[in-house]
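Below is the file my_file_7.csv, which contains CSV, C-alpha atoms.
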chain,number,residue,atom,x,y,z
D,104,MET,CA,20.6,72.9,-6.0
D,105,ALA,CA,19.2,72.6,-9.5
D,106,ILE,CA,22.4,71.1,-10.7
D,107,THR,CA,22.5,68.6,-7.8
D,108,ALA,CA,19.0,67.5,-8.5
D,109,ALA,CA,19.7,66.9,-12.1
D,110,VAL,CA,22.8,64.8,-11.3
D,111,LEU,CA,20.8,62.7,-8.9
D,112,GLY,CA,18.1,62.2,-11.4
D,113,ALA,CA,20.6,60.9,-13.9
D,114,LEU,CA,21.8,58.3,-11.4
D,115,LEU,CA,18.3,57.1,-10.7
D,116,ILE,CA,17.1,56.9,-14.2
D,117,GLY,CA,20.2,55.0,-15.2
D,118,GLY,CA,18.2,51.7,-14.3
D,119,VAL,CA,20.6,49.0,-15.3
D,120,PRO,CA,20.7,46.8,-12.1
D,121,SER,CA,17.7,45.3,-10.2
D,122,TYR,CA,17.7,44.4,-6.6
D,123,ALA,CA,16.2,41.4,-4.9
D,124,SER,CA,16.3,39.5,-1.6
D,125,PHE,CA,18.5,36.4,-1.4
D,126,ALA,CA,17.2,33.0,-2.3
D,127,SER,CA,18.7,29.6,-3.1
D,128,SER,CA,17.1,26.4,-4.3
D,129,VAL,CA,18.4,23.0,-5.0
D,130,ASN,CA,16.9,19.6,-5.9
D,131,GLY,CA,17.9,16.5,-4.0
D,132,ALA,CA,18.8,13.2,-5.7
D,133,GLN,CA,16.1,11.2,-7.4
D,134,LEU,CA,15.1,8.1,-5.3
D,135,ARG,CA,13.8,5.2,-7.5
D,136,ILE,CA,10.9,3.3,-6.0
D,137,LEU,CA,9.7,0.0,-7.3
D,138,SER,CA,6.6,-1.8,-6.0
D,139,GLY,CA,6.3,-5.6,-5.8
D,140,THR,CA,3.7,-8.0,-7.0
D,141,LEU,CA,1.6,-10.8,-5.6
D,142,GLY,CA,0.4,-13.7,-7.7
D,143,ALA,CA,-0.6,-17.3,-7.3
D,144,THR,CA,-0.8,-20.4,-9.4
D,145,ILE,CA,-2.4,-23.7,-8.7
D,146,SER,CA,-1.3,-26.8,-10.4
D,147,ALA,CA,-3.2,-29.7,-11.9
D,148,PRO,CA,-3.9,-32.3,-9.2
D,149,SER,CA,-1.8,-35.2,-8.4
D,150,VAL,CA,-4.1,-38.2,-7.8
D,151,GLY,CA,-3.4,-40.6,-5.0
D,152,THR,CA,-4.8,-42.8,-2.4
D,153,ALA,CA,-4.7,-43.0,1.4
D,154,SER,CA,-5.2,-46.2,3.4
D,155,ILE,CA,-8.1,-46.3,5.8
D,156,ALA,CA,-8.1,-49.8,7.1
D,157,THR,CA,-7.2,-53.3,6.1
D,158,ALA,CA,-9.6,-54.7,3.5
D,159,PRO,CA,-11.9,-57.4,4.8
D,160,SER,CA,-10.9,-60.9,4.0
D,161,ARG,CA,-13.3,-61.2,1.2
D,162,VAL,CA,-11.8,-58.2,-0.5
D,163,VAL,CA,-8.5,-57.9,-2.2
D,164,VAL,CA,-7.2,-54.5,-3.0
D,165,ARG,CA,-4.2,-54.7,-5.2
D,166,PRO,CA,-1.5,-52.1,-4.5
D,167,GLY,CA,-1.9,-49.1,-6.7
D,168,THR,CA,-5.6,-49.5,-7.1
D,169,PRO,CA,-6.9,-46.0,-7.8
D,170,GLY,CA,-10.0,-44.4,-6.4
D,171,MET,CA,-12.1,-44.8,-3.3
D,172,VAL,CA,-12.6,-48.3,-1.8
D,173,PRO,CA,-15.3,-48.0,0.9
D,174,GLY,CA,-13.7,-48.5,4.3
D,175,VAL,CA,-10.3,-49.5,2.8
D,176,GLN,CA,-8.8,-46.4,1.0
D,177,SER,CA,-9.6,-42.8,0.3
D,178,GLN,CA,-8.8,-40.9,-2.8
D,179,THR,CA,-6.7,-37.8,-2.6
D,180,LEU,CA,-6.3,-34.9,-5.0
D,181,THR,CA,-3.2,-32.9,-4.2
D,182,TYR,CA,-2.8,-29.4,-5.7
D,183,THR,CA,0.3,-27.3,-5.4
D,184,VAL,CA,-0.2,-23.6,-4.7
D,185,THR,CA,2.7,-21.3,-5.6
D,186,ASN,CA,3.2,-17.7,-4.4
D,187,THR,CA,4.6,-16.1,-7.6
D,188,GLY,CA,4.9,-12.7,-6.0
D,189,SER,CA,8.0,-10.7,-5.3
D,190,ALA,CA,10.0,-10.8,-2.2
D,191,ARG,CA,8.5,-9.0,0.8
D,192,ALA,CA,5.1,-10.3,-0.3
D,193,PRO,CA,4.4,-13.4,1.7
D,194,ALA,CA,0.8,-14.4,1.7
D,195,SER,CA,-1.7,-16.7,3.3
D,196,ALA,CA,-3.9,-19.0,1.2
D,197,SER,CA,-7.6,-19.3,0.9
D,198,VAL,CA,-8.9,-22.2,-1.2
D,199,ARG,CA,-12.4,-22.5,-2.7
D,200,VAL,CA,-13.0,-26.2,-3.0
D,201,LEU,CA,-15.2,-26.1,-6.1
D,202,SER,CA,-16.7,-28.6,-8.4
D,203,THR,CA,-17.9,-27.0,-11.7
D,204,ALA,CA,-20.1,-29.9,-12.8
D,205,VAL,CA,-21.5,-33.2,-11.7
D,206,THR,CA,-20.4,-35.6,-14.5
D,207,ASP,CA,-22.1,-38.7,-13.2
D,208,ALA,CA,-25.3,-37.7,-11.5
D,209,ALA,CA,-26.4,-41.3,-10.6
D,210,ALA,CA,-23.1,-42.0,-8.9
D,211,TRP,CA,-23.1,-38.6,-7.1
D,212,THR,CA,-26.6,-39.3,-5.8
D,213,ALA,CA,-25.5,-42.7,-4.6
D,214,ILE,CA,-22.3,-41.7,-2.8
D,215,ARG,CA,-23.1,-38.2,-1.6
D,216,PRO,CA,-25.0,-39.3,1.6
D,217,SER,CA,-22.0,-41.2,2.8
D,218,LEU,CA,-19.2,-39.3,1.3
D,219,GLN,CA,-16.7,-37.5,3.6
D,220,VAL,CA,-14.7,-34.7,2.1
D,221,THR,CA,-11.8,-32.9,3.8
D,222,ALA,CA,-9.5,-30.2,2.7
D,223,ARG,CA,-6.0,-29.4,4.1
D,224,ILE,CA,-3.8,-26.5,3.3
D,225,GLY,CA,-0.1,-27.1,4.0
D,226,SER,CA,0.4,-28.5,7.5
D,227,ASP,CA,-2.9,-27.2,8.8
D,228,PRO,CA,-5.4,-29.7,10.2
D,229,ALA,CA,-7.8,-31.1,7.6
D,230,VAL,CA,-11.2,-29.4,7.6
D,231,ALA,CA,-14.5,-31.1,6.7
D,232,VAL,CA,-16.1,-29.8,3.5
D,233,ALA,CA,-19.8,-30.0,3.0
D,234,THR,CA,-21.4,-31.3,-0.2
D,235,THR,CA,-24.6,-30.4,-1.9
D,236,ALA,CA,-26.8,-32.0,-4.5
D,237,THR,CA,-25.0,-29.9,-7.2
D,238,GLY,CA,-21.5,-30.7,-6.0
D,239,ILE,CA,-19.0,-29.0,-3.7
D,240,ASP,CA,-18.5,-25.3,-3.1
D,241,ALA,CA,-16.7,-24.5,0.2
D,242,THR,CA,-13.8,-22.3,1.2
D,243,VAL,CA,-11.0,-23.3,3.4
D,244,THR,CA,-8.6,-20.7,4.8
D,245,SER,CA,-5.1,-21.0,6.2
D,246,THR,CA,-3.1,-18.3,8.2
D,247,ALA,CA,0.2,-19.9,7.4
D,248,ALA,CA,2.5,-17.6,5.4
D,249,ILE,CA,3.7,-18.8,2.0
D,250,GLN,CA,6.9,-16.9,1.1
D,251,ALA,CA,7.4,-15.5,-2.3
D,252,GLY,CA,8.5,-18.3,-4.6
D,253,ALA,CA,7.5,-21.0,-2.2
D,254,THR,CA,4.7,-23.6,-2.5
D,255,THR,CA,2.2,-25.3,-0.3
D,256,PRO,CA,0.1,-28.3,-0.9
D,257,VAL,CA,-3.7,-28.4,-0.9
D,258,VAL,CA,-5.0,-31.9,-0.3
D,259,LEU,CA,-8.6,-32.9,-0.9
D,260,THR,CA,-9.5,-36.3,0.5
D,261,PHE,CA,-12.6,-38.2,-0.5
D,262,THR,CA,-13.6,-41.1,1.8
D,263,LEU,CA,-16.4,-43.6,1.8
D,264,PRO,CA,-16.9,-45.6,5.0
D,265,ALA,CA,-17.3,-49.4,4.8
D,266,SER,CA,-21.0,-49.1,5.6
D,267,SER,CA,-23.6,-46.5,6.1
D,268,GLY,CA,-27.1,-46.8,7.5
D,269,GLY,CA,-26.7,-50.5,7.6
D,270,VAL,CA,-25.7,-50.7,4.0
D,271,ASP,CA,-22.5,-52.4,3.0
D,272,LEU,CA,-21.1,-49.7,0.7
D,273,LEU,CA,-18.3,-51.9,-0.6
D,274,THR,CA,-20.9,-54.3,-2.0
D,275,ALA,CA,-23.4,-51.6,-2.9
D,276,LEU,CA,-21.0,-49.3,-4.7
D,277,LEU,CA,-18.5,-51.8,-6.1
D,278,PRO,CA,-20.6,-54.8,-6.9
D,279,SER,CA,-18.5,-56.1,-9.7
D,280,ALA,CA,-16.2,-58.8,-8.7
D,281,GLY,CA,-12.7,-58.4,-9.9
D,282,THR,CA,-13.1,-54.7,-10.4
D,283,SER,CA,-9.7,-53.1,-11.0
D,284,SER,CA,-10.4,-49.7,-9.5
D,285,GLY,CA,-12.3,-48.0,-6.8
D,286,LEU,CA,-14.6,-45.1,-7.3
D,287,SER,CA,-12.8,-42.0,-8.7
D,288,ILE,CA,-14.3,-38.7,-7.7
D,289,ARG,CA,-12.9,-37.3,-10.9
D,290,SER,CA,-15.4,-39.4,-12.9
D,291,ILE,CA,-18.2,-38.1,-10.8
D,292,LEU,CA,-17.4,-34.4,-10.2
D,293,ALA,CA,-15.3,-31.9,-12.3
D,294,MET,CA,-13.2,-30.4,-9.6
D,295,GLN,CA,-11.7,-27.0,-10.1
D,296,PRO,CA,-10.5,-25.4,-6.9
D,297,GLN,CA,-9.6,-21.8,-6.8
D,298,VAL,CA,-6.9,-20.2,-4.6
D,299,THR,CA,-6.7,-16.7,-3.3
D,300,LEU,CA,-3.5,-15.3,-1.7
D,301,THR,CA,-3.7,-12.5,0.7
D,302,GLN,CA,-0.6,-10.5,1.7
D,303,VAL,CA,0.7,-11.0,5.2
D,304,PRO,CA,3.4,-8.9,6.9
D,305,VAL,CA,7.1,-9.7,6.5
D,306,MET,CA,7.8,-11.1,9.9
D,307,ALA,CA,10.9,-9.8,11.8
D,308,PRO,CA,13.7,-12.4,11.7
T,3,MET,CA,48.5,116.0,-14.7
T,4,ARG,CA,45.1,117.0,-15.7
T,5,ASN,CA,42.3,115.0,-14.1
T,6,ALA,CA,40.9,114.1,-17.3
T,7,THR,CA,44.1,112.6,-18.4
T,8,LYS,CA,44.5,110.7,-15.1
T,9,ALA,CA,41.1,109.3,-15.6
T,10,VAL,CA,41.8,108.2,-19.0
T,11,ILE,CA,45.0,106.6,-18.0
T,12,ALA,CA,43.3,104.9,-15.0
T,13,GLY,CA,40.6,103.8,-17.3
T,14,VAL,CA,43.0,102.4,-19.8
T,15,ALA,CA,45.0,100.8,-17.1
T,16,GLY,CA,41.8,99.3,-15.7
T,17,ILE,CA,40.7,98.1,-19.0
T,18,ALA,CA,44.2,96.6,-19.5
T,19,LEU,CA,43.9,94.9,-16.2
T,20,LEU,CA,40.5,93.6,-17.0
T,21,THR,CA,41.2,92.6,-20.6
T,22,GLY,CA,44.8,91.5,-19.9
T,23,GLY,CA,43.4,87.9,-19.2
T,24,ALA,CA,46.3,86.7,-17.1
T,25,GLY,CA,44.0,86.0,-14.0
T,26,SER,CA,40.3,85.4,-13.2
T,27,LEU,CA,38.3,85.9,-10.0
T,28,ALA,CA,36.2,82.9,-8.4
T,29,TYR,CA,34.8,81.9,-5.1
T,30,TRP,CA,36.9,79.3,-3.3
T,31,GLN,CA,36.5,75.5,-3.8
T,32,GLN,CA,38.5,72.5,-2.6
T,33,ALA,CA,38.0,68.7,-3.1
T,34,GLN,CA,39.4,65.7,-1.1
T,35,ASN,CA,38.5,61.9,-1.1
T,36,GLY,CA,37.4,60.3,2.2
T,37,SER,CA,38.6,57.0,3.6
T,38,GLN,CA,37.7,53.8,1.6
T,39,VAL,CA,34.9,51.8,3.2
T,40,ALA,CA,34.8,48.1,2.3
T,41,ILE,CA,31.4,46.7,1.6
T,42,THR,CA,30.9,42.9,1.5
T,43,SER,CA,27.5,41.3,0.8
T,44,GLY,CA,26.4,38.2,2.7
T,45,THR,CA,25.6,34.7,1.4
T,46,LEU,CA,22.8,32.3,1.3
T,47,SER,CA,23.4,28.9,-0.3
T,48,PHE,CA,23.4,25.1,0.1
T,49,GLY,CA,26.2,22.7,0.3
T,50,ALA,CA,26.2,19.2,-1.2
T,51,ILE,CA,23.1,17.2,0.0
T,52,ALA,CA,23.5,13.5,0.3
T,53,ASP,CA,19.9,12.2,0.1
T,54,GLY,CA,20.2,9.6,-2.6
T,55,THR,CA,21.4,6.7,-0.5
T,56,GLY,CA,21.1,5.5,3.0
T,57,TRP,CA,17.4,5.0,3.0
T,58,THR,CA,16.0,2.3,5.3
T,59,LEU,CA,13.0,0.0,4.7
T,60,GLN,CA,10.7,-1.3,7.4
T,61,GLN,CA,7.2,-2.7,7.3
T,62,ASN,CA,5.7,-0.7,10.2
T,63,ALA,CA,3.0,1.4,8.6
T,64,ALA,CA,-0.1,2.0,10.6
T,65,GLY,CA,-2.7,-0.8,10.3
T,66,VAL,CA,-0.3,-3.6,9.3
T,67,SER,CA,-1.9,-6.7,10.8
T,68,PRO,CA,-0.6,-8.4,12.8
T,69,ALA,CA,1.3,-5.3,14.0
T,70,GLN,CA,4.9,-5.0,13.1
T,71,SER,CA,6.1,-2.4,15.5
T,72,ASN,CA,9.3,-4.3,16.0
T,73,ALA,CA,9.9,-5.0,12.4
T,74,SER,CA,13.5,-4.8,11.5
T,75,ALA,CA,14.8,-2.0,9.4
T,76,VAL,CA,16.9,-3.0,6.4
T,77,THR,CA,18.9,-0.9,4.0
T,78,TYR,CA,16.8,0.0,1.0
T,79,ASP,CA,18.5,-0.9,-2.3
T,80,PRO,CA,16.4,0.9,-5.0
T,81,THR,CA,17.9,-1.3,-7.7
T,82,THR,CA,16.7,-4.5,-6.3
T,83,VAL,CA,14.2,-4.1,-3.5
T,84,LYS,CA,10.5,-3.8,-4.3
T,85,ILE,CA,8.2,-2.2,-1.7
T,86,VAL,CA,4.9,-3.7,-0.7
T,87,PRO,CA,1.9,-2.3,1.2
T,88,GLY,CA,2.9,-1.6,4.8
T,89,ASP,CA,6.4,-0.6,3.9
T,90,THR,CA,8.0,2.7,5.0
T,91,LEU,CA,11.1,4.3,3.5
T,92,THR,CA,13.0,6.6,5.9
T,93,LYS,CA,15.9,8.9,5.6
T,94,THR,CA,17.4,11.5,7.8
T,95,ILE,CA,19.4,14.1,5.9
T,96,SER,CA,21.8,16.7,7.3
T,97,VAL,CA,21.3,19.6,4.9
T,98,PRO,CA,24.3,21.9,4.8
T,99,VAL,CA,23.5,25.6,4.7
T,100,SER,CA,25.8,28.6,4.3
T,101,ILE,CA,24.4,31.9,5.6
T,102,THR,CA,26.4,35.0,6.3
T,103,GLY,CA,25.4,38.6,6.9
T,104,THR,CA,24.6,40.3,10.1
T,105,ASN,CA,21.0,40.8,9.2
T,106,ASN,CA,20.6,37.7,7.2
T,107,LYS,CA,17.6,35.5,8.0
T,108,ALA,CA,16.0,32.9,5.9
T,109,THR,CA,13.1,30.4,5.7
T,110,PHE,CA,14.2,26.9,4.9
T,111,THR,CA,11.5,25.0,3.0
T,112,LEU,CA,11.4,21.3,2.1
T,113,GLY,CA,9.3,20.4,-1.0
T,114,GLN,CA,8.9,17.6,-3.4
T,115,LEU,CA,8.9,17.4,-7.2
T,116,THR,CA,6.1,15.5,-8.9
T,117,PRO,CA,7.0,11.8,-8.9
T,118,THR,CA,8.2,10.6,-12.3
T,119,PRO,CA,7.2,8.7,-14.3
T,120,ALA,CA,3.5,8.8,-13.5
T,121,SER,CA,2.5,5.5,-12.0
T,122,GLY,CA,-0.2,3.6,-10.1
T,123,LEU,CA,1.6,4.7,-6.9
T,124,ASP,CA,0.7,8.3,-7.5
T,125,GLY,CA,-1.7,9.4,-4.9
T,126,VAL,CA,-1.1,6.2,-3.0
T,127,LEU,CA,2.3,6.8,-1.3
T,128,THR,CA,2.2,9.2,1.6
T,129,TYR,CA,4.9,11.5,2.8
T,130,ALA,CA,5.7,12.7,6.3
T,131,THR,CA,8.5,15.2,7.1
T,132,LYS,CA,10.3,16.8,10.0
T,133,VAL,CA,12.6,19.7,9.8
T,134,ASN,CA,14.8,20.5,12.8
T,135,GLY,CA,12.9,17.9,14.7
T,136,THR,CA,9.6,19.5,14.2
T,137,THR,CA,6.8,18.0,12.1
T,138,GLY,CA,6.4,20.1,9.0
T,139,THR,CA,8.3,21.4,6.0
T,140,THR,CA,9.9,24.7,7.2
T,141,ALA,CA,12.4,26.1,9.6
T,142,THR,CA,14.0,29.5,10.3
T,143,VAL,CA,17.8,29.9,9.6
T,144,LEU,CA,19.7,32.8,11.2
T,145,ALA,CA,23.3,33.8,10.4
T,146,SER,CA,23.8,34.2,14.1
T,147,GLY,CA,23.7,30.4,14.3
T,148,GLY,CA,26.9,30.2,12.4
T,149,ALA,CA,28.1,30.7,8.8
T,150,SER,CA,27.9,26.9,8.2
T,151,GLN,CA,25.0,25.1,9.6
T,152,THR,CA,23.2,21.7,9.1
T,153,ILE,CA,19.5,21.4,9.1
T,154,PRO,CA,18.3,17.9,10.0
T,155,VAL,CA,15.5,16.8,7.7
T,156,GLN,CA,13.6,13.5,8.1
T,157,ILE,CA,11.5,12.1,5.3
T,158,VAL,CA,9.2,9.1,5.7
T,159,ILE,CA,7.6,7.6,2.5
T,160,THR,CA,4.8,5.2,3.4
T,161,PHE,CA,3.0,2.6,1.2
T,162,PRO,CA,-0.2,2.2,3.2
T,163,TRP,CA,-1.4,-1.2,4.4
T,164,GLY,CA,-5.0,-0.4,3.8
T,165,THR,CA,-7.5,-3.2,3.0
T,166,ALA,CA,-7.2,-6.3,0.9
T,167,ASP,CA,-7.4,-5.3,-2.8
T,168,SER,CA,-7.2,-7.7,-5.7
T,169,THR,CA,-6.7,-5.0,-8.3
T,170,VAL,CA,-3.1,-4.7,-9.5
T,171,THR,CA,-2.8,-0.9,-10.1
T,172,THR,CA,-0.2,-0.6,-7.4
T,173,GLN,CA,1.7,-3.7,-8.3
T,174,GLY,CA,4.8,-3.8,-10.4
T,175,GLN,CA,5.0,0.0,-10.6
T,176,THR,CA,8.1,2.3,-11.0
T,177,THR,CA,8.2,5.8,-9.8
T,178,SER,CA,10.6,8.2,-8.1
T,179,PHE,CA,10.9,10.6,-5.2
T,180,GLN,CA,12.9,13.8,-5.3
T,181,ALA,CA,13.0,16.4,-2.6
T,182,THR,CA,13.5,20.2,-3.2
T,183,TYR,CA,15.3,22.4,-0.7
T,184,THR,CA,14.8,26.2,-0.7
T,185,LEU,CA,16.2,29.1,1.3
T,186,THR,CA,14.4,32.4,1.0
T,187,GLN,CA,15.6,35.5,2.8
T,188,VAL,CA,13.1,37.2,5.1
T,189,PRO,CA,13.5,40.5,7.0
T,190,ILE,CA,15.5,40.2,10.1
T,191,GLY,CA,12.7,41.6,12.2
T,192,ASN,CA,10.2,38.9,11.2
Would you mind giving the structure from this file in structure tokens?
Amino acid sequence: MAITAAVLGALLIGGVPSYASFASSVNGAQLRILSGTLGATISAPSVGTASIATAPSRVVVRPGTPGMVPGVQSQTLTYTVTNTGSARAPASASVRVLSTAVTDAAAWTAIRPSLQVTARIGSDPAVAVATTATGIDATVTSTAAIQAGATTPVVLTFTLPASSGGVDLLTALLPSAGTSSGLSIRSILAMQPQVTLTQVPVMAP
Amino acid sequence: MRNATKAVIAGVAGIALLTGGAGSLAYWQQAQNGSQVAITSGTLSFGAIADGTGWTLQQNAAGVSPAQSNASAVTYDPTTVKIVPGDTLTKTISVPVSITGTNNKATFTLGQLTPTPASGLDGVLTYATKVNGTTGTTATVLASGGASQTIPVQIVITFPWGTADSTVTTQGQTTSFQATYTLTQVPIGN
């Protein structure tokens, strides 16, 4: 018995192996994930005109005459908004129609009571924009999606009617015979619109 | 013959017998080997896991407005496609498992390594998992289910839609996702 116990003791004390339950672990493949971007640019304006009505017989408006001619033509400022974001980031545009300064206070005071300003984003209907004594600060929003890399126009239109409150604005505002231009809003207000793009869902094809 | 002489002779003979050294006396002993019994240990391991490709991309995260519940799923190409808020990346993986041994039983656990490199997406992307069709990260594997089994695992990575945010911390980021798969034996009686 003593011999047997001693032999067993030798086997136990030997101590070379250790015993543990089974386990296995493996890492999967690494999946790379990139996130996109959303950005916007707004161009300098393209200045143009839009015909309102035929000039009265006493008035000759030569083709290409710039600026507002009361009752005859409006002045337009067209900005191009670009979605510079990555694919899968279409966005809708919101434009803050903003003037940063009144550069001709007398002219602004004279035309503001009669001035009509509208803003149009893309193919949306034009929206009336209010004016204040200090200029223009209004926001116009569109829900139309601008795809990544695509552009949309923002058109500001400045219009003076032929008369207002019984006053012939053509005569009152453009009294000089033979004047070669109408009234340019750019000589009266420093316009600096701001655009904000907001991501919209990628629509199912 | 005189008795004394006989005794001496017997004694001498006895001593001769005892000291002769030709034989020794011992209790009986016999040894024999029994039959050989083969002992084989079981196994617990994974096969090759194909989880690096085949992910799909869909913009159907909760809160996307307008809702995109029917948004098409497209194949996700990690070399070219950039995800945006509202996107979900989905993959269902058949994880091959080898388990043998009458009393072998294991817990399968799905985990995730810390995304690398650190990026503005850390803490933003969310992860949802199902193992064997049940929401969660674990499942029980029994050898009685077969030496070779597959465990279906679904992983959904979501870039939340959230609210409009003009900060750019989540834009133009690069990160990674890497799952971990573990089998740990548990007692058969558990």
request  = Within 10 Å of stretch 181-195 of chain D, counting all atoms listed in the file, which residues show up once you throw out same-chain ones fewer than 4 positions away? Write them as a ChimeraX atom specification, please.
outcome  = /D:138-151,222-225,244-260,296-306 /T:61,83-87,89,173-174
Would you put the residues from that selection into a file with C-alpha atoms, as a PDB file, in the coordinates of the input?
ATOM      1  CA  SER D 138       6.600  -1.800  -6.000  1.00  0.00           C
ATOM      2  CA  GLY D 139       6.300  -5.600  -5.800  1.00  0.00           C
ATOM      3  CA  THR D 140       3.700  -8.000  -7.000  1.00  0.00           C
ATOM      4  CA  LEU D 141       1.600 -10.800  -5.600  1.00  0.00           C
ATOM      5  CA  GLY D 142       0.400 -13.700  -7.700  1.00  0.00           C
ATOM      6  CA  ALA D 143      -0.600 -17.300  -7.300  1.00  0.00           C
ATOM      7  CA  THR D 144      -0.800 -20.400  -9.400  1.00  0.00           C
ATOM      8  CA  ILE D 145      -2.400 -23.700  -8.700  1.00  0.00           C
ATOM      9  CA  SER D 146      -1.300 -26.800 -10.400  1.00  0.00           C
ATOM     10  CA  ALA D 147      -3.200 -29.700 -11.900  1.00  0.00           C
ATOM     11  CA  PRO D 148      -3.900 -32.300  -9.200  1.00  0.00           C
ATOM     12  CA  SER D 149      -1.800 -35.200  -8.400  1.00  0.00           C
ATOM     13  CA  VAL D 150      -4.100 -38.200  -7.800  1.00  0.00           C
ATOM     14  CA  GLY D 151      -3.400 -40.600  -5.000  1.00  0.00           C
ATOM     15  CA  ALA D 222      -9.500 -30.200   2.700  1.00  0.00           C
ATOM     16  CA  ARG D 223      -6.000 -29.400   4.100  1.00  0.00           C
ATOM     17  CA  ILE D 224      -3.800 -26.500   3.300  1.00  0.00           C
ATOM     18  CA  GLY D 225      -0.100 -27.100   4.000  1.00  0.00           C
ATOM     19  CA  THR D 244      -8.600 -20.700   4.800  1.00  0.00           C
ATOM     20  CA  SER D 245      -5.100 -21.000   6.200  1.00  0.00           C
ATOM     21  CA  THR D 246      -3.100 -18.300   8.200  1.00  0.00           C
ATOM     22  CA  ALA D 247       0.200 -19.900   7.400  1.00  0.00           C
ATOM     23  CA  ALA D 248       2.500 -17.600   5.400  1.00  0.00           C
ATOM     24  CA  ILE D 249       3.700 -18.800   2.000  1.00  0.00           C
ATOM     25  CA  GLN D 250       6.900 -16.900   1.100  1.00  0.00           C
ATOM     26  CA  ALA D 251       7.400 -15.500  -2.300  1.00  0.00           C
ATOM     27  CA  GLY D 252       8.500 -18.300  -4.600  1.00  0.00           C
ATOM     28  CA  ALA D 253       7.500 -21.000  -2.200  1.00  0.00           C
ATOM     29  CA  THR D 254       4.700 -23.600  -2.500  1.00  0.00           C
ATOM     30  CA  THR D 255       2.200 -25.300  -0.300  1.00  0.00           C
ATOM     31  CA  PRO D 256       0.100 -28.300  -0.900  1.00  0.00           C
ATOM     32  CA  VAL D 257      -3.700 -28.400  -0.900  1.00  0.00           C
ATOM     33  CA  VAL D 258      -5.000 -31.900  -0.300  1.00  0.00           C
ATOM     34  CA  LEU D 259      -8.600 -32.900  -0.900  1.00  0.00           C
ATOM     35  CA  THR D 260      -9.500 -36.300   0.500  1.00  0.00           C
ATOM     36  CA  PRO D 296     -10.500 -25.400  -6.900  1.00  0.00           C
ATOM     37  CA  GLN D 297      -9.600 -21.800  -6.800  1.00  0.00           C
ATOM     38  CA  VAL D 298      -6.900 -20.200  -4.600  1.00  0.00           C
ATOM     39  CA  THR D 299      -6.700 -16.700  -3.300  1.00  0.00           C
ATOM     40  CA  LEU D 300      -3.500 -15.300  -1.700  1.00  0.00           C
ATOM     41  CA  THR D 301      -3.700 -12.500   0.700  1.00  0.00           C
ATOM     42  CA  GLN D 302      -0.600 -10.500   1.700  1.00  0.00           C
ATOM     43  CA  VAL D 303       0.700 -11.000   5.200  1.00  0.00           C
ATOM     44  CA  PRO D 304       3.400  -8.900   6.900  1.00  0.00           C
ATOM     45  CA  VAL D 305       7.100  -9.700   6.500  1.00  0.00           C
ATOM     46  CA  MET D 306       7.800 -11.100   9.900  1.00  0.00           C
TER      47      MET D 306
ATOM     48  CA  GLN T  61       7.200  -2.700   7.300  1.00  0.00           C
ATOM     49  CA  VAL T  83      14.200  -4.100  -3.500  1.00  0.00           C
ATOM     50  CA  LYS T  84      10.500  -3.800  -4.300  1.00  0.00           C
ATOM     51  CA  ILE T  85       8.200  -2.200  -1.700  1.00  0.00           C
ATOM     52  CA  VAL T  86       4.900  -3.700  -0.700  1.00  0.00           C
ATOM     53  CA  PRO T  87       1.900  -2.300   1.200  1.00  0.00           C
ATOM     54  CA  ASP T  89       6.400  -0.600   3.900  1.00  0.00           C
ATOM     55  CA  GLN T 173       1.700  -3.700  -8.300  1.00  0.00           C
ATOM     56  CA  GLY T 174       4.800  -3.800 -10.400  1.00  0.00           C
TER      57      GLY T 174
END
key: Interface list for chain T, partner chain D, 7 Å threshold, only C-alpha atoms, as number ranges by chain   = T: 46-47, 51, 53-54, 66-67, 73-74, 80, 84-86, 173-187
task = Rank nothing, just name the residue among D:Val163, D:Ala204, D:Leu263, D:Ala153 nearest to D:Met294, using only C-alpha atoms.
result = D:Ala204
message = Give me, as a list in words, all polymer residues having an atom no more than 10 Å from D:Gln176, counting only C-alpha atoms and skipping those fewer than 4 positions away in the same chain.
response =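 The filter keeps Gly151, Thr152, Ala153, Ser154, Ile155, Ala156, Thr157, Ala158, Val164, Thr168, Pro169, Gly170, Met171, Val172, Phe261, Thr262, Leu263, Pro264, Ala265 and Gly285 of chain D.
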request  = Step by step: start from the point (21.0, 33.4, 13.3) in the file's coordinates, keep every protein, DNA or RNA residue that has an atom no farther than 10 Å from it, count only C-alpha atoms, and write the set as number ranges by chain.
outcome  = T: 101-108, 142-149, 151, 190
request  = Rank T:Ala141, T:Ala33, T:Val39, T:Val97 by their smallest atom-to-atom distance to T:Val188, using only C-alpha atoms, and report the top residue only.
outcome  =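 Of T:Ala141, T:Ala33, T:Val39, T:Val97, the one nearest T:Val188, counting only C-alpha atoms, is T:Ala141.
Between atom CA of D:Ser160 and atom CA of D:Ala275 the interatomic distance comes to 17.0 Å.
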request  = Kindly give the distance, in Å, that separates atom CA of D:Pro159 and atom CA of D:Ala208, rounded to a single decimal.
outcome  = 28.9 Å
key: Atomic separation - atom CA of T:Thr94 relative to atom CA of T:Ile159, Å   =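 Distance reported for this atom pair: 11.8 Å.
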task = Rank D:Ile291, D:Leu218, D:Leu286, D:Val200 by their smallest atom-to-atom distance to D:Ile239, using all atoms listed in the file, and report the top residue only.
result = D:Val200
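Excluding T:Val133 itself and same-chain residues fewer than 4 positions from it, the residues having an atom within 7 Å of it are T:Thr137, T:Gly138, T:Thr139, T:Thr140, T:Ala141, T:Pro154, T:Val155, T:Gln156, counting all atoms listed in the file.
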inquiry  = Give me, as an MDAnalysis selection string, all polymer residues having an atom no more than 10 Å from D:Pro216, counting only C-alpha atoms and skipping those fewer than 6 positions away in the same chain.
reply    = chainID D and resid 234:236 263 267:268
